[in-house]
$ cat query.cif   # mmCIF, C-alpha atoms (C1' of nucleotides)
data_work
loop_
_atom_site.label_atom_id
_atom_site.label_comp_id
_atom_site.auth_asym_id
_atom_site.auth_seq_id
_atom_site.Cartn_x
_atom_site.Cartn_y
_atom_site.Cartn_z
CA MET A 1 -45.86 26.19 -10.00
CA THR A 2 -48.20 28.11 -7.75
CA LYS A 3 -47.23 28.77 -4.13
CA LEU A 4 -49.35 27.17 -1.47
CA ASN A 5 -49.06 29.82 1.20
CA PRO A 6 -51.47 32.33 -0.35
CA CYS A 7 -53.94 29.50 -0.89
CA ILE A 8 -53.72 28.52 2.74
CA LEU A 9 -54.31 32.07 3.95
CA ARG A 10 -57.37 32.38 1.76
CA LEU A 11 -58.43 28.94 2.88
CA ASP A 12 -58.59 30.03 6.50
CA GLU A 13 -60.53 33.17 5.59
CA SER A 14 -62.81 31.13 3.39
CA ILE A 15 -63.63 28.63 6.11
CA ALA A 16 -64.10 31.38 8.69
CA HIS A 17 -66.47 33.14 6.34
CA MET A 18 -68.44 29.99 5.60
CA GLN A 19 -68.97 29.44 9.29
CA ASP A 20 -71.03 32.62 9.40
CA SER A 21 -73.76 31.03 7.32
CA LEU A 22 -73.02 27.40 8.26
CA PRO A 23 -72.12 27.42 11.95
CA GLN A 24 -72.11 23.62 12.24
CA LEU A 25 -69.17 23.42 9.81
CA PRO A 26 -66.32 21.46 11.42
CA ALA A 27 -63.63 23.98 10.62
CA CYS A 28 -60.51 22.16 11.69
CA GLU A 29 -61.52 18.97 9.91
CA ALA A 30 -62.43 20.85 6.74
CA ALA A 31 -59.10 22.65 6.82
CA ILE A 32 -57.21 19.37 7.17
CA ALA A 33 -59.13 17.89 4.25
CA ARG A 34 -58.32 20.84 1.99
CA LEU A 35 -54.70 20.93 3.13
CA LEU A 36 -54.29 17.24 2.38
CA LYS A 37 -55.49 17.82 -1.13
CA LEU A 38 -53.35 20.92 -1.69
CA VAL A 39 -50.22 19.22 -0.42
CA GLY A 40 -50.94 16.01 -2.28
CA VAL A 41 -51.47 17.75 -5.60
CA ARG A 42 -48.34 19.82 -5.13
CA MET A 43 -46.17 16.81 -4.35
CA ASP A 44 -47.53 15.03 -7.39
CA GLU A 45 -46.64 17.98 -9.58
CA GLU A 46 -43.11 17.81 -8.26
CA LEU A 47 -42.84 14.11 -9.04
CA CYS A 48 -44.25 14.59 -12.55
CA ARG A 49 -41.75 17.34 -13.16
CA LYS A 50 -38.93 14.95 -12.31
CA LEU A 51 -40.31 12.18 -14.48
CA LYS A 52 -41.17 14.26 -17.53
CA PRO A 53 -37.67 14.13 -19.05
CA HIS A 54 -37.93 10.35 -18.92
CA LYS A 55 -41.36 10.33 -20.58
CA LEU A 56 -43.02 8.48 -17.75
CA ASN A 57 -45.98 9.75 -15.80
CA ASP A 58 -46.47 9.36 -12.09
CA SER A 59 -48.76 6.33 -12.18
CA GLU A 60 -46.47 4.47 -14.56
CA PHE A 61 -43.56 5.15 -12.27
CA LEU A 62 -45.56 4.17 -9.21
CA VAL A 63 -46.44 0.81 -10.74
CA LEU A 64 -42.80 0.26 -11.60
CA THR A 65 -41.63 1.05 -8.08
CA VAL A 66 -44.31 -1.15 -6.55
CA LEU A 67 -43.00 -4.01 -8.70
CA TYR A 68 -39.48 -3.13 -7.68
CA GLY A 69 -40.56 -3.31 -4.05
CA HIS A 70 -42.05 -6.79 -4.46
CA PRO A 71 -39.72 -9.59 -3.36
CA GLU A 72 -40.45 -11.49 -6.61
CA GLY A 73 -40.52 -8.39 -8.78
CA SER A 74 -43.80 -9.58 -10.25
CA SER A 75 -47.54 -9.20 -9.80
CA THR A 76 -50.80 -9.11 -11.72
CA PRO A 77 -52.78 -6.18 -13.13
CA GLY A 78 -55.55 -6.76 -10.60
CA VAL A 79 -53.26 -6.65 -7.59
CA LEU A 80 -51.41 -3.64 -8.95
CA CYS A 81 -54.75 -1.86 -9.32
CA GLU A 82 -55.46 -2.32 -5.63
CA LEU A 83 -52.03 -1.24 -4.54
CA THR A 84 -51.96 1.88 -6.65
CA SER A 85 -55.62 2.94 -6.54
CA GLN A 86 -55.88 2.67 -10.31
CA GLY A 87 -58.74 1.26 -12.34
CA ALA A 88 -58.19 -1.89 -14.34
CA THR A 89 -58.68 0.00 -17.57
CA ASN A 90 -55.86 2.34 -16.81
CA MET A 91 -53.61 -0.47 -15.65
CA THR A 92 -53.83 -1.97 -19.13
CA ARG A 93 -52.62 1.29 -20.60
CA ILE A 94 -49.85 1.61 -18.01
CA ALA A 95 -48.68 -1.93 -18.67
CA ASN A 96 -48.67 -1.27 -22.42
CA ALA A 97 -46.52 1.79 -21.87
CA LEU A 98 -44.06 0.02 -19.58
CA VAL A 99 -43.77 -2.98 -21.87
CA LYS A 100 -43.06 -0.69 -24.79
CA ARG A 101 -40.26 0.88 -22.76
CA GLY A 102 -38.86 -2.55 -21.92
CA LEU A 103 -39.29 -1.93 -18.19
CA ILE A 104 -41.67 -4.85 -17.59
CA THR A 105 -42.74 -8.07 -19.29
CA ARG A 106 -46.25 -9.45 -19.58
CA HIS A 107 -47.04 -13.17 -19.80
CA HIS A 108 -50.11 -15.32 -19.33
CA SER A 109 -50.00 -16.95 -15.93
CA LYS A 110 -49.39 -20.70 -16.00
CA GLU A 111 -51.68 -21.45 -13.05
CA ASP A 112 -54.60 -19.26 -14.05
CA ARG A 113 -54.81 -18.46 -17.71
CA ARG A 114 -57.15 -15.54 -17.09
CA SER A 115 -54.38 -13.80 -15.22
CA ILE A 116 -51.42 -11.92 -16.58
CA THR A 117 -48.07 -11.98 -14.83
CA ILE A 118 -46.34 -8.64 -14.94
CA ARG A 119 -42.65 -8.75 -14.09
CA ILE A 120 -40.09 -6.00 -13.81
CA THR A 121 -37.11 -6.47 -16.13
CA ALA A 122 -33.45 -5.90 -15.35
CA THR A 123 -33.76 -2.64 -17.28
CA GLY A 124 -36.73 -1.74 -15.13
CA ARG A 125 -34.81 -2.38 -11.92
CA GLN A 126 -31.91 -0.36 -13.23
CA PHE A 127 -34.24 2.49 -14.11
CA VAL A 128 -35.68 2.58 -10.60
CA ARG A 129 -32.25 2.41 -9.04
CA LYS A 130 -31.17 5.32 -11.20
CA MET A 131 -34.29 7.44 -10.69
CA LEU A 132 -34.94 7.13 -6.96
CA PRO A 133 -31.71 8.23 -5.28
CA PRO A 134 -31.70 11.74 -6.83
CA MET A 135 -35.14 12.20 -5.29
CA PHE A 136 -34.01 11.42 -1.76
CA PRO A 137 -32.43 14.80 -0.97
CA GLN A 138 -35.60 16.63 -2.00
CA LEU A 139 -37.76 14.20 -0.12
CA GLU A 140 -35.71 14.90 2.99
CA GLU A 141 -35.86 18.62 2.27
CA LEU A 142 -39.63 18.44 2.44
CA PHE A 143 -39.29 17.50 6.06
CA VAL A 144 -36.64 19.91 7.26
CA GLY A 145 -37.73 21.31 10.57
CA PHE A 146 -39.61 18.12 11.39
CA SER A 147 -38.32 16.30 14.43
CA ARG A 148 -38.12 12.52 14.39
CA THR A 149 -41.18 12.51 16.64
CA GLU A 150 -43.14 14.84 14.40
CA LYS A 151 -42.51 12.60 11.40
CA GLN A 152 -43.66 9.58 13.37
CA THR A 153 -46.74 11.46 14.52
CA PHE A 154 -47.50 12.53 10.96
CA ASN A 155 -47.15 8.96 9.82
CA ARG A 156 -49.39 7.72 12.62
CA LEU A 157 -52.11 10.32 12.04
CA LEU A 158 -52.25 9.53 8.33
CA ARG A 159 -52.67 5.83 9.07
CA LYS A 160 -55.36 6.56 11.59
CA LEU A 161 -57.18 8.64 9.00
CA ALA A 162 -56.76 5.84 6.45
CA ILE A 163 -58.38 3.37 8.83
CA ASN A 164 -61.31 5.70 9.39
CA LEU A 165 -61.66 6.07 5.63
CA ASP A 166 -61.84 2.31 5.30
CA HIS A 167 -64.72 2.17 7.73
CA LEU A 168 -66.65 4.93 6.02
CA ASP A 169 -68.31 3.32 3.01
CA VAL A 170 -70.71 1.16 5.04
CA ASP A 171 -72.96 4.05 5.99
CA ASP A 172 -73.70 6.27 3.08
CA MET B 1 -63.99 1.38 -3.38
CA THR B 2 -60.72 -0.34 -2.44
CA LYS B 3 -59.68 -0.54 1.19
CA LEU B 4 -56.54 1.29 2.18
CA ASN B 5 -55.33 -1.03 4.90
CA PRO B 6 -53.97 -3.78 2.64
CA CYS B 7 -52.22 -1.12 0.57
CA ILE B 8 -50.57 0.27 3.65
CA LEU B 9 -49.33 -3.12 4.79
CA ARG B 10 -47.83 -3.78 1.38
CA LEU B 11 -46.45 -0.28 1.39
CA ASP B 12 -44.42 -0.94 4.51
CA GLU B 13 -43.11 -4.22 3.11
CA SER B 14 -42.37 -2.52 -0.16
CA ILE B 15 -40.34 0.24 1.44
CA ALA B 16 -38.51 -2.18 3.70
CA HIS B 17 -37.63 -4.28 0.68
CA MET B 18 -36.43 -1.31 -1.32
CA GLN B 19 -34.11 -0.33 1.46
CA ASP B 20 -32.17 -3.53 0.86
CA SER B 21 -30.95 -2.28 -2.49
CA LEU B 22 -31.23 1.45 -1.73
CA PRO B 23 -30.08 1.88 1.88
CA GLN B 24 -30.09 5.68 1.70
CA LEU B 25 -33.86 5.69 1.12
CA PRO B 26 -35.55 7.90 3.73
CA ALA B 27 -38.18 5.38 4.72
CA CYS B 28 -40.37 7.42 7.02
CA GLU B 29 -40.52 10.35 4.62
CA ALA B 30 -41.30 8.08 1.68
CA ALA B 31 -44.06 6.41 3.67
CA ILE B 32 -45.60 9.77 4.56
CA ALA B 33 -45.52 10.83 0.91
CA ARG B 34 -47.27 7.68 -0.24
CA LEU B 35 -49.79 7.83 2.60
CA LEU B 36 -50.64 11.42 1.74
CA LYS B 37 -51.40 10.38 -1.80
CA LEU B 38 -53.43 7.32 -0.81
CA VAL B 39 -55.52 9.25 1.69
CA GLY B 40 -55.97 12.21 -0.63
CA VAL B 41 -57.16 10.08 -3.53
CA ARG B 42 -59.54 8.17 -1.29
CA MET B 43 -61.09 11.33 0.14
CA ASP B 44 -61.54 12.70 -3.35
CA GLU B 45 -63.35 9.55 -4.41
CA GLU B 46 -65.71 9.99 -1.50
CA LEU B 47 -66.44 13.59 -2.46
CA CYS B 48 -67.03 12.66 -6.10
CA ARG B 49 -69.42 9.94 -5.02
CA LYS B 50 -71.45 12.52 -3.12
CA LEU B 51 -71.48 14.97 -6.00
CA LYS B 52 -72.24 12.53 -8.78
CA PRO B 53 -76.05 12.59 -8.28
CA HIS B 54 -75.88 16.35 -8.75
CA LYS B 55 -73.82 16.08 -11.94
CA LEU B 56 -70.97 18.19 -10.60
CA ASN B 57 -67.40 17.04 -10.34
CA ASP B 58 -65.07 17.84 -7.48
CA SER B 59 -63.25 20.75 -9.10
CA GLU B 60 -66.48 22.40 -10.17
CA PHE B 61 -67.79 22.09 -6.62
CA LEU B 62 -64.51 23.35 -5.17
CA VAL B 63 -64.66 26.49 -7.31
CA LEU B 64 -68.23 27.05 -6.22
CA THR B 65 -67.40 26.70 -2.53
CA VAL B 66 -64.38 28.97 -2.88
CA LEU B 67 -66.69 31.61 -4.36
CA TYR B 68 -69.16 30.97 -1.57
CA GLY B 69 -66.36 31.53 0.93
CA HIS B 70 -65.41 34.90 -0.59
CA PRO B 71 -66.93 37.88 1.23
CA GLU B 72 -68.05 39.37 -2.10
CA GLY B 73 -68.98 36.04 -3.64
CA SER B 74 -66.98 36.95 -6.71
CA SER B 75 -63.53 36.50 -8.21
CA THR B 76 -61.73 36.09 -11.53
CA PRO B 77 -60.69 32.93 -13.39
CA GLY B 78 -57.04 33.71 -12.75
CA VAL B 79 -57.42 34.01 -9.00
CA LEU B 80 -59.62 30.93 -8.87
CA CYS B 81 -56.90 29.01 -10.70
CA GLU B 82 -54.40 29.87 -7.99
CA LEU B 83 -56.75 29.05 -5.17
CA THR B 84 -57.80 25.69 -6.57
CA SER B 85 -54.57 24.53 -8.25
CA GLN B 86 -56.31 24.38 -11.60
CA GLY B 87 -54.97 25.42 -14.97
CA ALA B 88 -56.54 28.36 -16.79
CA THR B 89 -57.75 26.05 -19.54
CA ASN B 90 -59.71 23.95 -17.14
CA MET B 91 -61.10 26.96 -15.33
CA THR B 92 -62.74 28.02 -18.59
CA ARG B 93 -64.45 24.67 -18.81
CA ILE B 94 -65.48 24.75 -15.14
CA ALA B 95 -66.92 28.24 -15.51
CA ASN B 96 -68.84 27.17 -18.61
CA ALA B 97 -70.31 24.26 -16.69
CA LEU B 98 -71.29 26.36 -13.67
CA VAL B 99 -72.80 29.09 -15.82
CA LYS B 100 -74.85 26.51 -17.68
CA ARG B 101 -76.15 25.27 -14.32
CA GLY B 102 -77.01 28.82 -13.28
CA LEU B 103 -74.72 28.62 -10.26
CA ILE B 104 -72.44 31.50 -11.31
CA THR B 105 -72.50 34.47 -13.66
CA ARG B 106 -69.68 35.70 -15.87
CA HIS B 107 -69.22 39.35 -16.89
CA HIS B 108 -66.42 41.44 -18.32
CA SER B 109 -64.81 43.46 -15.57
CA LYS B 110 -65.43 47.22 -15.80
CA GLU B 111 -61.95 48.18 -14.55
CA ASP B 112 -59.93 45.76 -16.66
CA ARG B 113 -61.67 44.56 -19.77
CA ARG B 114 -59.26 41.64 -20.12
CA SER B 115 -60.61 40.26 -16.87
CA ILE B 116 -63.78 38.32 -16.27
CA THR B 117 -65.74 38.68 -13.06
CA ILE B 118 -67.18 35.41 -11.89
CA ARG B 119 -69.92 35.73 -9.29
CA ILE B 120 -71.88 33.10 -7.42
CA THR B 121 -75.66 33.40 -7.92
CA ALA B 122 -78.37 33.07 -5.29
CA THR B 123 -79.00 29.60 -6.72
CA GLY B 124 -75.31 28.84 -6.32
CA ARG B 125 -75.32 29.89 -2.67
CA GLN B 126 -78.42 27.86 -2.07
CA PHE B 127 -76.79 24.84 -3.70
CA VAL B 128 -73.73 25.09 -1.44
CA ARG B 129 -75.88 25.56 1.65
CA LYS B 130 -77.83 22.46 0.70
CA MET B 131 -74.81 20.30 -0.22
CA LEU B 132 -72.35 21.01 2.56
CA PRO B 133 -74.23 20.24 5.79
CA PRO B 134 -74.93 16.57 4.88
CA MET B 135 -71.17 16.17 4.47
CA PHE B 136 -70.33 17.39 7.95
CA PRO B 137 -71.19 14.19 9.83
CA GLN B 138 -68.94 12.14 7.55
CA LEU B 139 -66.19 14.69 7.76
CA GLU B 140 -66.34 14.42 11.51
CA GLU B 141 -66.45 10.65 11.27
CA LEU B 142 -63.15 10.72 9.46
CA PHE B 143 -61.60 12.08 12.60
CA VAL B 144 -63.20 9.92 15.26
CA GLY B 145 -60.53 8.88 17.69
CA PHE B 146 -58.58 12.08 17.04
CA SER B 147 -58.17 14.29 20.06
CA ARG B 148 -58.49 18.03 19.69
CA THR B 149 -54.72 18.21 20.03
CA GLU B 150 -54.12 15.56 17.38
CA LYS B 151 -56.25 17.46 14.90
CA GLN B 152 -54.37 20.63 15.63
CA THR B 153 -51.07 18.82 15.24
CA PHE B 154 -52.21 17.30 11.96
CA ASN B 155 -53.21 20.74 10.74
CA ARG B 156 -49.90 22.21 11.83
CA LEU B 157 -47.78 19.48 10.25
CA LEU B 158 -49.59 19.82 6.94
CA ARG B 159 -48.98 23.56 6.91
CA LYS B 160 -45.35 23.05 7.76
CA LEU B 161 -45.06 20.63 4.86
CA ALA B 162 -46.81 23.11 2.60
CA ILE B 163 -44.29 25.80 3.49
CA ASN B 164 -41.40 23.47 2.73
CA LEU B 165 -43.02 22.65 -0.60
CA ASP B 166 -43.15 26.34 -1.42
CA HIS B 167 -39.43 26.67 -0.85
CA LEU B 168 -38.56 23.68 -2.96
CA ASP B 169 -38.71 24.85 -6.60
CA VAL B 170 -35.69 27.15 -6.31
CA ASP B 171 -33.16 24.34 -6.34
CA ASP B 172 -33.97 21.74 -8.93
"C1'" DT C 1 -70.19 -32.90 -18.04
"C1'" DC C 2 -72.86 -29.10 -19.22
"C1'" DG C 3 -74.76 -24.71 -17.93
"C1'" DT C 4 -74.32 -20.88 -14.78
"C1'" DT C 5 -71.75 -17.71 -12.24
"C1'" DT C 6 -67.60 -15.46 -11.00
"C1'" DT C 7 -63.06 -13.53 -11.91
"C1'" DA C 8 -59.27 -11.21 -14.76
"C1'" DT C 9 -58.27 -8.48 -18.29
"C1'" DT C 10 -59.11 -5.75 -22.42
"C1'" DT C 11 -61.63 -2.62 -25.71
"C1'" DC C 12 -64.36 1.35 -26.62
"C1'" DA C 13 -66.42 5.71 -25.92
"C1'" DC C 14 -66.33 9.34 -23.01
"C1'" DT C 15 -64.97 12.94 -19.22
"C1'" DG C 16 -61.40 15.66 -17.01
"C1'" DG C 17 -57.22 18.15 -17.31
"C1'" DT C 18 -52.98 20.19 -19.71
"C1'" DG C 19 -49.62 22.74 -22.89
"C1'" DA C 20 -49.17 25.70 -26.84
"C1'" DA C 21 -50.91 28.95 -29.85
"C1'" DC C 22 -54.24 32.77 -30.33
"C1'" DT C 23 -57.07 37.06 -29.09
"C1'" DA C 24 -57.80 41.05 -26.77
"C1'" DT C 25 -56.76 44.49 -23.53
"C1'" DG C 26 -53.73 47.16 -20.68
"C1'" DA C 27 -49.11 49.17 -19.33
"C1'" DA C 28 -44.59 51.10 -20.38
"C1'" DC C 29 -41.54 53.48 -23.03
"C1'" DC C 30 -40.02 56.65 -26.63
"C1'" DG D 1 -49.77 58.42 -30.26
"C1'" DG D 2 -47.46 54.25 -31.82
"C1'" DT D 3 -44.51 50.30 -30.83
"C1'" DT D 4 -43.47 46.86 -27.67
"C1'" DC D 5 -44.22 43.99 -23.87
"C1'" DA D 6 -47.08 41.84 -20.28
"C1'" DT D 7 -51.50 39.94 -18.64
"C1'" DA D 8 -56.23 37.47 -18.80
"C1'" DG D 9 -58.94 34.28 -21.06
"C1'" DT D 10 -60.16 31.16 -24.65
"C1'" DT D 11 -59.56 27.59 -28.29
"C1'" DC D 12 -57.52 23.50 -30.01
"C1'" DA D 13 -55.20 19.16 -29.93
"C1'" DC D 14 -53.73 15.95 -27.05
"C1'" DC D 15 -52.84 12.76 -22.69
"C1'" DA D 16 -54.73 10.40 -18.51
"C1'" DG D 17 -58.30 7.99 -16.30
"C1'" DT D 18 -63.15 5.86 -15.98
"C1'" DG D 19 -67.60 3.05 -16.66
"C1'" DA D 20 -69.84 -0.29 -19.36
"C1'" DA D 21 -69.65 -3.92 -22.45
"C1'" DA D 22 -66.86 -7.70 -24.45
"C1'" DT D 23 -63.82 -11.75 -23.99
"C1'" DA D 24 -61.96 -15.54 -21.99
"C1'" DA D 25 -60.90 -18.67 -18.45
"C1'" DA D 26 -61.84 -20.68 -13.93
"C1'" DA D 27 -65.15 -22.40 -10.37
"C1'" DC D 28 -69.25 -24.20 -8.94
"C1'" DG D 29 -73.51 -27.16 -9.01
"C1'" DA D 30 -76.85 -29.96 -10.77
#

$ encode --input "query.cif" --output "structure tokens"
Amino acid sequence: MTKLNPCILRLDESIAHMQDSLPQLPACEAAIARLLKLVGVRMDEELCRKLKPHKLNDSEFLVLTVLYGHPEGSSTPGVLCELTSQGATNMTRIANALVKRGLITRHHSKEDRRSITIRITATGRQFVRKMLPPMFPQLEELFVGFSRTEKQTFNRLLRKLAINLDHLDVDD
Amino acid sequence: MTKLNPCILRLDESIAHMQDSLPQLPACEAAIARLLKLVGVRMDEELCRKLKPHKLNDSEFLVLTVLYGHPEGSSTPGVLCELTSQGATNMTRIANALVKRGLITRHHSKEDRRSITIRITATGRQFVRKMLPPMFPQLEELFVGFSRTEKQTFNRLLRKLAINLDHLDVDD
DNA sequence: TCGTTTTATTTCACTGGTGAACTATGAACC
DNA sequence: GGTTCATAGTTCACCAGTGAAATAAAACGA
């Protein structure tokens, strides 16, 4: 598990150095973009590490928790794809894996026979309820030194960025 | 390219709903974690889309830009692994690809014959100088509506989070 | 109602990325 | 100087994720 700090130091040097030959480079924005990626990857690694003993990967677990978070505990592959930024192809694989583990069920929808209804099982709910709480302390630890306001600001800035991302694709 | 906004709405509902059965769930922190991932993935997709016509993937391009950002324009696979959060195995593949494209060279180091010196070529530099500038407008567009202060805050919060991540592995 | 188009999912072939074992060199110790 | 240990890369076998084509079931329009 590589430390981020050295990367970040080099990152600043790297961007500073690039500006010599590319003065129009928006340094702060570029730094944020790279930091987002670094932090995101690192958090994923941590999650995977926690899930490995249970033989689930992060996307399988994400799908399971999304189902857990649904009032009905059910959804369709298509919707789950949107909510988890996964392709349909991969969702098929994920569903196969979760069915095999007995964490979800898969049935043809009554209303629309093209659709599949994926539903979290009691075992699945139990699994989520067992897995999540031990993660809470670490999740909180990630934000030690953050004031309530800072966390809210962080949250707000990320949403703002998300909205800008949504409006990006129109122009190439 | 899926929109993020619907995901975020569902995300809030999802977390609210989870709190019913798991009241200790740190909602704001969990939301930030999921947002980070959503935004990170989406930005990556955008980068890949830009690189696709040039038959490079994001990690290959990242390695190239890191080399470009080095004062000497050279490094070793091991160091590049640390700086780009890539495994050594994949770095071998990336280097092969970049060598084949004539963007880097690979030589045994004189000082330590176990080491390989990877160096960006003139073609490689040219490629980076051609690729990056067209990305700047979009990068800036991502942050429209962000004040100078907000960008600095964003930057600062990400670094703070990175530092906390670095101090995490000690306790399991 | 029949043909066309659209939507939902799956299958297949491929790319990208990883862990474990292997090779080669260097460093440390005696 | 030879044995042992550590370090740097590579190779191999595998898992995860994607695009394009296939399948199957609506929906839509004469």

$ resolve_selection --input "query.cif" --expression "the PyMOL selection byres ((chain B and resi 39-48) around 9)" --output "VMD selection string"
(chain A and resid 33 36 to 37 40 to 41 85 158 to 159 161 to 162 165 169) or (chain B and resid 1 to 2 4 34 to 38 49 to 52 56 to 58 135)

$ residues_around --input "query.cif" --residues "segment 9-21 of chain C" --least-positions-apart "3" --cutoff "9 Å" --atoms "only C-alpha atoms (C1' of nucleotides)" --output "PDB file with C-alpha atoms (C1' of nucleotides), keeping the file's coordinate frame"
ATOM      1  CA  PRO A  77     -52.780  -6.180 -13.130  1.00  0.00           C
ATOM      2  CA  GLY A  78     -55.550  -6.760 -10.600  1.00  0.00           C
ATOM      3  CA  ALA A  88     -58.190  -1.890 -14.340  1.00  0.00           C
ATOM      4  CA  THR A  89     -58.680   0.000 -17.570  1.00  0.00           C
ATOM      5  CA  THR A  92     -53.830  -1.970 -19.130  1.00  0.00           C
ATOM      6  CA  ARG A 114     -57.150 -15.540 -17.090  1.00  0.00           C
ATOM      7  CA  SER A 115     -54.380 -13.800 -15.220  1.00  0.00           C
ATOM      8  CA  ILE A 116     -51.420 -11.920 -16.580  1.00  0.00           C
TER       9      ILE A 116
ATOM     10  CA  GLN B  86     -56.310  24.380 -11.600  1.00  0.00           C
ATOM     11  CA  GLY B  87     -54.970  25.420 -14.970  1.00  0.00           C
ATOM     12  CA  THR B  89     -57.750  26.050 -19.540  1.00  0.00           C
ATOM     13  CA  ASN B  90     -59.710  23.950 -17.140  1.00  0.00           C
TER      14      ASN B  90
ATOM     15  C1'  DT D  11     -59.560  27.590 -28.290  1.00  0.00           C
ATOM     16  C1'  DC D  12     -57.520  23.500 -30.010  1.00  0.00           C
ATOM     17  C1'  DC D  14     -53.730  15.950 -27.050  1.00  0.00           C
ATOM     18  C1'  DC D  15     -52.840  12.760 -22.690  1.00  0.00           C
ATOM     19  C1'  DA D  16     -54.730  10.400 -18.510  1.00  0.00           C
ATOM     20  C1'  DG D  17     -58.300   7.990 -16.300  1.00  0.00           C
ATOM     21  C1'  DT D  18     -63.150   5.860 -15.980  1.00  0.00           C
ATOM     22  C1'  DA D  21     -69.650  -3.920 -22.450  1.00  0.00           C
ATOM     23  C1'  DA D  22     -66.860  -7.700 -24.450  1.00  0.00           C
ATOM     24  C1'  DT D  23     -63.820 -11.750 -23.990  1.00  0.00           C
ATOM     25  C1'  DA D  24     -61.960 -15.540 -21.990  1.00  0.00           C
TER      26       DA D  24
END

$ residues_around --input "query.cif" --residues "segment 142-145 of chain A" --least-positions-apart "3" --cutoff "9 Å" --atoms "all atoms listed in the file" --output "list in words"
Pro137, Gln138, Leu139 and Lys151 of chain A; Glu29, Lys160, Leu161, Ala162, Ile163, Asn164, Leu165, His167 and Leu168 of chain B

$ atom_distance --input "query.cif" --atom1 "atom CA of Ala30 of chain A" --atom2 "atom CA of Thr76 of chain B"
23.8 Å

$ residues_around --input "query.cif" --residues "Ala95 of chain A" --least-positions-apart "3" --cutoff "10 Å" --atoms "only C-alpha atoms (C1' of nucleotides)" --output "short mmCIF file (atom, residue, chain, number, x, y, z; two decimals) with C-alpha atoms, in the coordinates of the input"
data_model
loop_
_atom_site.label_atom_id
_atom_site.label_comp_id
_atom_site.auth_asym_id
_atom_site.auth_seq_id
_atom_site.Cartn_x
_atom_site.Cartn_y
_atom_site.Cartn_z
CA GLU A 60 -46.47 4.47 -14.56
CA VAL A 63 -46.44 0.81 -10.74
CA LEU A 64 -42.80 0.26 -11.60
CA PRO A 77 -52.78 -6.18 -13.13
CA ASN A 90 -55.86 2.34 -16.81
CA MET A 91 -53.61 -0.47 -15.65
CA THR A 92 -53.83 -1.97 -19.13
CA LEU A 98 -44.06 0.02 -19.58
CA VAL A 99 -43.77 -2.98 -21.87
CA LYS A 100 -43.06 -0.69 -24.79
CA ARG A 101 -40.26 0.88 -22.76
CA LEU A 103 -39.29 -1.93 -18.19
CA ILE A 104 -41.67 -4.85 -17.59
CA THR A 105 -42.74 -8.07 -19.29
CA ARG A 106 -46.25 -9.45 -19.58
CA ILE A 118 -46.34 -8.64 -14.94
#

$ atom_distance --input "query.cif" --atom1 "atom C1' of DC2 of chain C" --atom2 "atom C1' of DA26 of chain D"
14.8 Å

$ atom_distance --input "query.cif" --atom1 "atom CA of Lys3 of chain A" --atom2 "atom CA of Ile32 of chain A"
17.8 Å

$ residues_near_point --input "query.cif" --point "(-73.5, -32.9, -18.3)" --cutoff "12 Å" --atoms "only C-alpha atoms (C1' of nucleotides)" --output "MDAnalysis selection string"
(chainID C and resid 1:3) or (chainID D and resid 29:30)

$ resolve_selection --input "query.cif" --expression "the PyMOL selection byres ((chain B and resi 10-14) around 8)" --output "number ranges by chain"
A: 66, 69-70, 83; B: 6-9, 15-18, 31

$ closest_residue --input "query.cif" --among "B:Asn96, B:Gln126, B:Asn155, B:Ser147" --to "chain D" --atoms "only C-alpha atoms (C1' of nucleotides)"
B:Asn96

$ residues_around --input "query.cif" --residues "DA27 of chain D" --least-positions-apart "4" --cutoff "12 Å" --atoms "only C-alpha atoms (C1' of nucleotides)" --output "JSON, numbers by chain"
{"A": [112], "C": [4, 5, 6, 7]}

$ resolve_selection --input "query.cif" --expression "the PyMOL selection byres ((chain D and resi 5) around 9)" --output "list in words"
DA27 and DA28 of chain C; DT4 and DA6 of chain D

$ residues_around --input "query.cif" --residues "Thr65 of chain A" --least-positions-apart "6" --cutoff "10 Å" --atoms "all atoms listed in the file" --output "ChimeraX atom specification"
/A:59,73,120,124-125,127-129,132 /B:14-15,18

$ residues_near_point --input "query.cif" --point "(-46.8, 11.5, 14.8)" --cutoff "10 Å" --atoms "only C-alpha atoms (C1' of nucleotides)" --output "list of chain:residue names"
A:Ser147, A:Arg148, A:Thr149, A:Glu150, A:Lys151, A:Gln152, A:Thr153, A:Phe154, A:Asn155, A:Arg156, A:Leu157, A:Leu158, A:Arg159, B:Glu150, B:Thr153, B:Phe154, B:Leu157
